[in-house]
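A.B. asks: Dropping the structure in here first, questions after.
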Number of protein chains: 2
Amino acid sequence: MEDHDFEHLLRSADLRVTRPRLAVLRAVRRQPHADTGSVLAAVRTEEPTVSHQAVYDVLGALTDSGLVRRIQPAGSVARYELRVGDNHHHAVCRSCGVVADVDCAVGVRPCLDASDTHGFVIDEAEVTYWGLCPACSTRAVTT
Amino acid sequence: MEDHDFEHLLRSADLRVTRPRLAVLRAVRRQPHADTGSVLAAVRTEEPTVSHQAVYDVLGALTDSGLVRRIQPAGSVARYELRVGDNHHHAVCRSCGVVADVDCAVGVRPCLDASDTHGFVIDEAEVTYWGLCPACSTRAVTT
DNA sequence: AGGAAAAACTTGACTGGTTCAAGTAAAGGG
DNA sequence: CCCTTTACTTGAACCAGTCAAGTTTTTCCT
């Protein structure tokens, strides 16, 4: 994803192209799974005057348009990533909270065949793998 | 689950048997997927003097011991349920937030075979089905 | 039963991510 | 280049959840 593709991306979503939005997109590309605070800090390295509210607004708009994906594992604040529409899932470390991408082995739409959804109209199956990241699992064994 | 089974349940988890804990267990049994506020309200119908901190502590202790399960879909506060250890999942309504239980059709440990977990030691795969509940999907079509 | 130690609960203050509201600035179509 | 719409800034507020200190209750042991 080239820098100037972000502009097309925004236009194709009927969103105006602004410096804060481009900076947020670059920040999320730079640090996948970053939370809002990290995005804000990253944005301010290139655009020091951007407000925290702007970052919330931008991330909301980008999420609504499907340009970024918001994930929020239990006990975590909201995190964002650019990778979108490829049906991948996440592994979350119970100890340090770090998130990693996981491609589900089951297929394109894993587990979407729930036995009985009680009349719900399901459009997405989100899988979260819980466990320990390499660093934390090593530490647990050693200690 | 009989009322007086809760006492054995607590003892078997090395937790002391107290009125607040029994009241919380009854509340969660009465309203599956209730959030902390609802549990507090329900508890106070039978134990009016229980503090909100006690409910947080109790729910935390019960969750740590595996007697209740905490779920927290993105954008929702923490919710609790008694059904535990049977590997079921949840359908969440994008519109009203209501939660329903779903037994996964894939098997006992669905989707636990992630292709590449980047060295994570995974102990649980949590599946969240997103969509519209019967009431909200009907309303969406009608409107 | 009685008394001590440990665990649980009450009270009240506080935190921090997120949202609300009003006013200002910038984008992009005409 | 101007006007309308959308986006951003500023600053306050919200609220689920947590922290800390002190009191009460449970349970174990004699």
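Order determines the names: the first chain of the structure tokens is A, the second B, and so forth; residues in each chain are numbered 1 upward, and ligands are numbered 1 upward as they are shown.
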Sorted by chain and rising residue number, which residues of chain A lie within 9 Å of chain B, and what are their closest atom pairs and distances in Å to one decimal, counting only C-alpha atoms, as a tab-separated table?

C.D. replies:
```
residue	atom	partner	partner_atom	distance
A:Arg70	CA	B:Ala74	CA	8.8
A:Ile71	CA	B:Ala74	CA	7.1
A:Gln72	CA	B:Ala74	CA	5.1
A:Pro73	CA	B:Ala74	CA	6.9
A:Ala74	CA	B:Gln72	CA	5.1
A:Gly75	CA	B:Gln72	CA	7.8
A:Ala78	CA	B:Ala74	CA	8.1
A:His90	CA	B:Thr117	CA	8.8
A:Ala91	CA	B:Thr117	CA	7.0
A:Val92	CA	B:Phe120	CA	8.5
A:Cys93	CA	B:Phe120	CA	7.7
A:Ala100	CA	B:His118	CA	7.4
A:Asp101	CA	B:Thr117	CA	7.8
A:Val102	CA	B:Thr117	CA	5.9
A:Asp103	CA	B:Ser115	CA	6.1
A:Cys104	CA	B:Ala114	CA	5.2
A:Ala105	CA	B:Ser115	CA	4.9
A:Val106	CA	B:Cys111	CA	6.7
A:Pro110	CA	B:Cys111	CA	7.2
A:Cys111	CA	B:Val106	CA	6.7
A:Leu112	CA	B:Tyr129	CA	7.7
A:Asp113	CA	B:Ala105	CA	6.5
A:Ala114	CA	B:Cys104	CA	5.2
A:Ser115	CA	B:Ala105	CA	4.8
A:Asp116	CA	B:Val102	CA	6.2
A:Thr117	CA	B:Val102	CA	5.9
A:His118	CA	B:Ala100	CA	7.5
A:Gly119	CA	B:Pro134	CA	5.3
A:Phe120	CA	B:Cys133	CA	4.4
A:Val121	CA	B:Leu132	CA	5.1
A:Ile122	CA	B:Gly131	CA	4.1
A:Asp123	CA	B:Gly131	CA	5.2
A:Glu124	CA	B:Trp130	CA	5.1
A:Ala125	CA	B:Tyr129	CA	4.5
A:Glu126	CA	B:Thr128	CA	5.0
A:Val127	CA	B:Val127	CA	4.5
A:Thr128	CA	B:Glu126	CA	5.0
A:Tyr129	CA	B:Ala125	CA	4.5
A:Trp130	CA	B:Glu124	CA	5.2
A:Gly131	CA	B:Ile122	CA	4.1
A:Leu132	CA	B:Val121	CA	5.1
A:Cys133	CA	B:Phe120	CA	4.4
A:Pro134	CA	B:Gly119	CA	5.3
A:Ala135	CA	B:Phe120	CA	8.9
A:Ser137	CA	B:Val121	CA	7.0
```

A.B. asks: May I have all residues of region 32-85 of chain B that DSSP, computed from the backbone, assigns to strand (DSSP E or B), given as a list in words?

C.D. replies: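 Of region 32-85 of chain B, only Ala34, Asp35, Arg69, Arg70, Ile71, Arg79, Tyr80 and Glu81 of chain B fall in strand (DSSP E or B).
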
A.B. asks: For chain D versus chain B, which residues have an atom no more than 12 Å away, and what is each residue's nearest atom pair and distance in Å rounded to one decimal, using only C-alpha atoms (C1' of nucleotides), chain-then-number order, as CSV?

C.D. replies:
```
residue,atom,partner,partner_atom,distance
D:DC15,C1',B:Val77,CA,10.8
D:DA16,C1',B:Val77,CA,7.3
D:DG17,C1',B:Tyr56,CA,8.4
D:DT18,C1',B:Gln53,CA,9.3
D:DC19,C1',B:Gln53,CA,10.9
D:DT24,C1',B:Thr18,CA,12.0
D:DT25,C1',B:Thr18,CA,8.4
D:DT26,C1',B:Arg16,CA,6.7
D:DT27,C1',B:Arg16,CA,8.1
```

A.B. asks: Near DG23 (chain C), counting only C-alpha atoms (C1' of nucleotides), which residues have an atom at most 12 Å away, once you skip same-chain residues fewer than 3 positions from it, shown as a PyMOL selection string?

C.D. replies: chain D and resi 8-11

A.B. asks: Please build the interface table for chain B against chain C with a cut-off of 10 Å, listing for each qualifying residue the nearest atom pair and the distance in Å to one decimal; count only C-alpha atoms (C1' of nucleotides), order rows by chain and increasing number, and write it as JSON lines.

C.D. replies:
```
{"residue": "B:Leu15", "atom": "CA", "partner": "C:DA7", "partner_atom": "C1'", "distance": 8.9}
{"residue": "B:Arg16", "atom": "CA", "partner": "C:DA7", "partner_atom": "C1'", "distance": 7.8}
{"residue": "B:Val17", "atom": "CA", "partner": "C:DA8", "partner_atom": "C1'", "distance": 9.8}
{"residue": "B:Thr18", "atom": "CA", "partner": "C:DA8", "partner_atom": "C1'", "distance": 8.3}
{"residue": "B:Pro20", "atom": "CA", "partner": "C:DC9", "partner_atom": "C1'", "distance": 8.8}
{"residue": "B:Arg21", "atom": "CA", "partner": "C:DA8", "partner_atom": "C1'", "distance": 9.9}
{"residue": "B:Thr49", "atom": "CA", "partner": "C:DT10", "partner_atom": "C1'", "distance": 9.2}
{"residue": "B:Val50", "atom": "CA", "partner": "C:DC9", "partner_atom": "C1'", "distance": 8.1}
{"residue": "B:Ser51", "atom": "CA", "partner": "C:DT10", "partner_atom": "C1'", "distance": 6.6}
{"residue": "B:His52", "atom": "CA", "partner": "C:DT10", "partner_atom": "C1'", "distance": 9.4}
{"residue": "B:Gln53", "atom": "CA", "partner": "C:DT10", "partner_atom": "C1'", "distance": 8.2}
{"residue": "B:Ala54", "atom": "CA", "partner": "C:DC9", "partner_atom": "C1'", "distance": 6.1}
{"residue": "B:Val55", "atom": "CA", "partner": "C:DC9", "partner_atom": "C1'", "distance": 9.7}
{"residue": "B:Asp57", "atom": "CA", "partner": "C:DA8", "partner_atom": "C1'", "distance": 8.9}
{"residue": "B:Val58", "atom": "CA", "partner": "C:DA8", "partner_atom": "C1'", "distance": 9.1}
```

A.B. asks: Counting only C-alpha atoms, which residue out of B:Leu40, B:Ala140, B:Val24, B:Leu9 sits closest to Cys96 (chain B)?

C.D. replies: B:Ala140

A.B. asks: Which of these residues is nearest to Leu67 (chain B), using only C-alpha atoms: B:Pro48, B:Val28, B:Arg19, B:His4?

C.D. replies: B:Val28
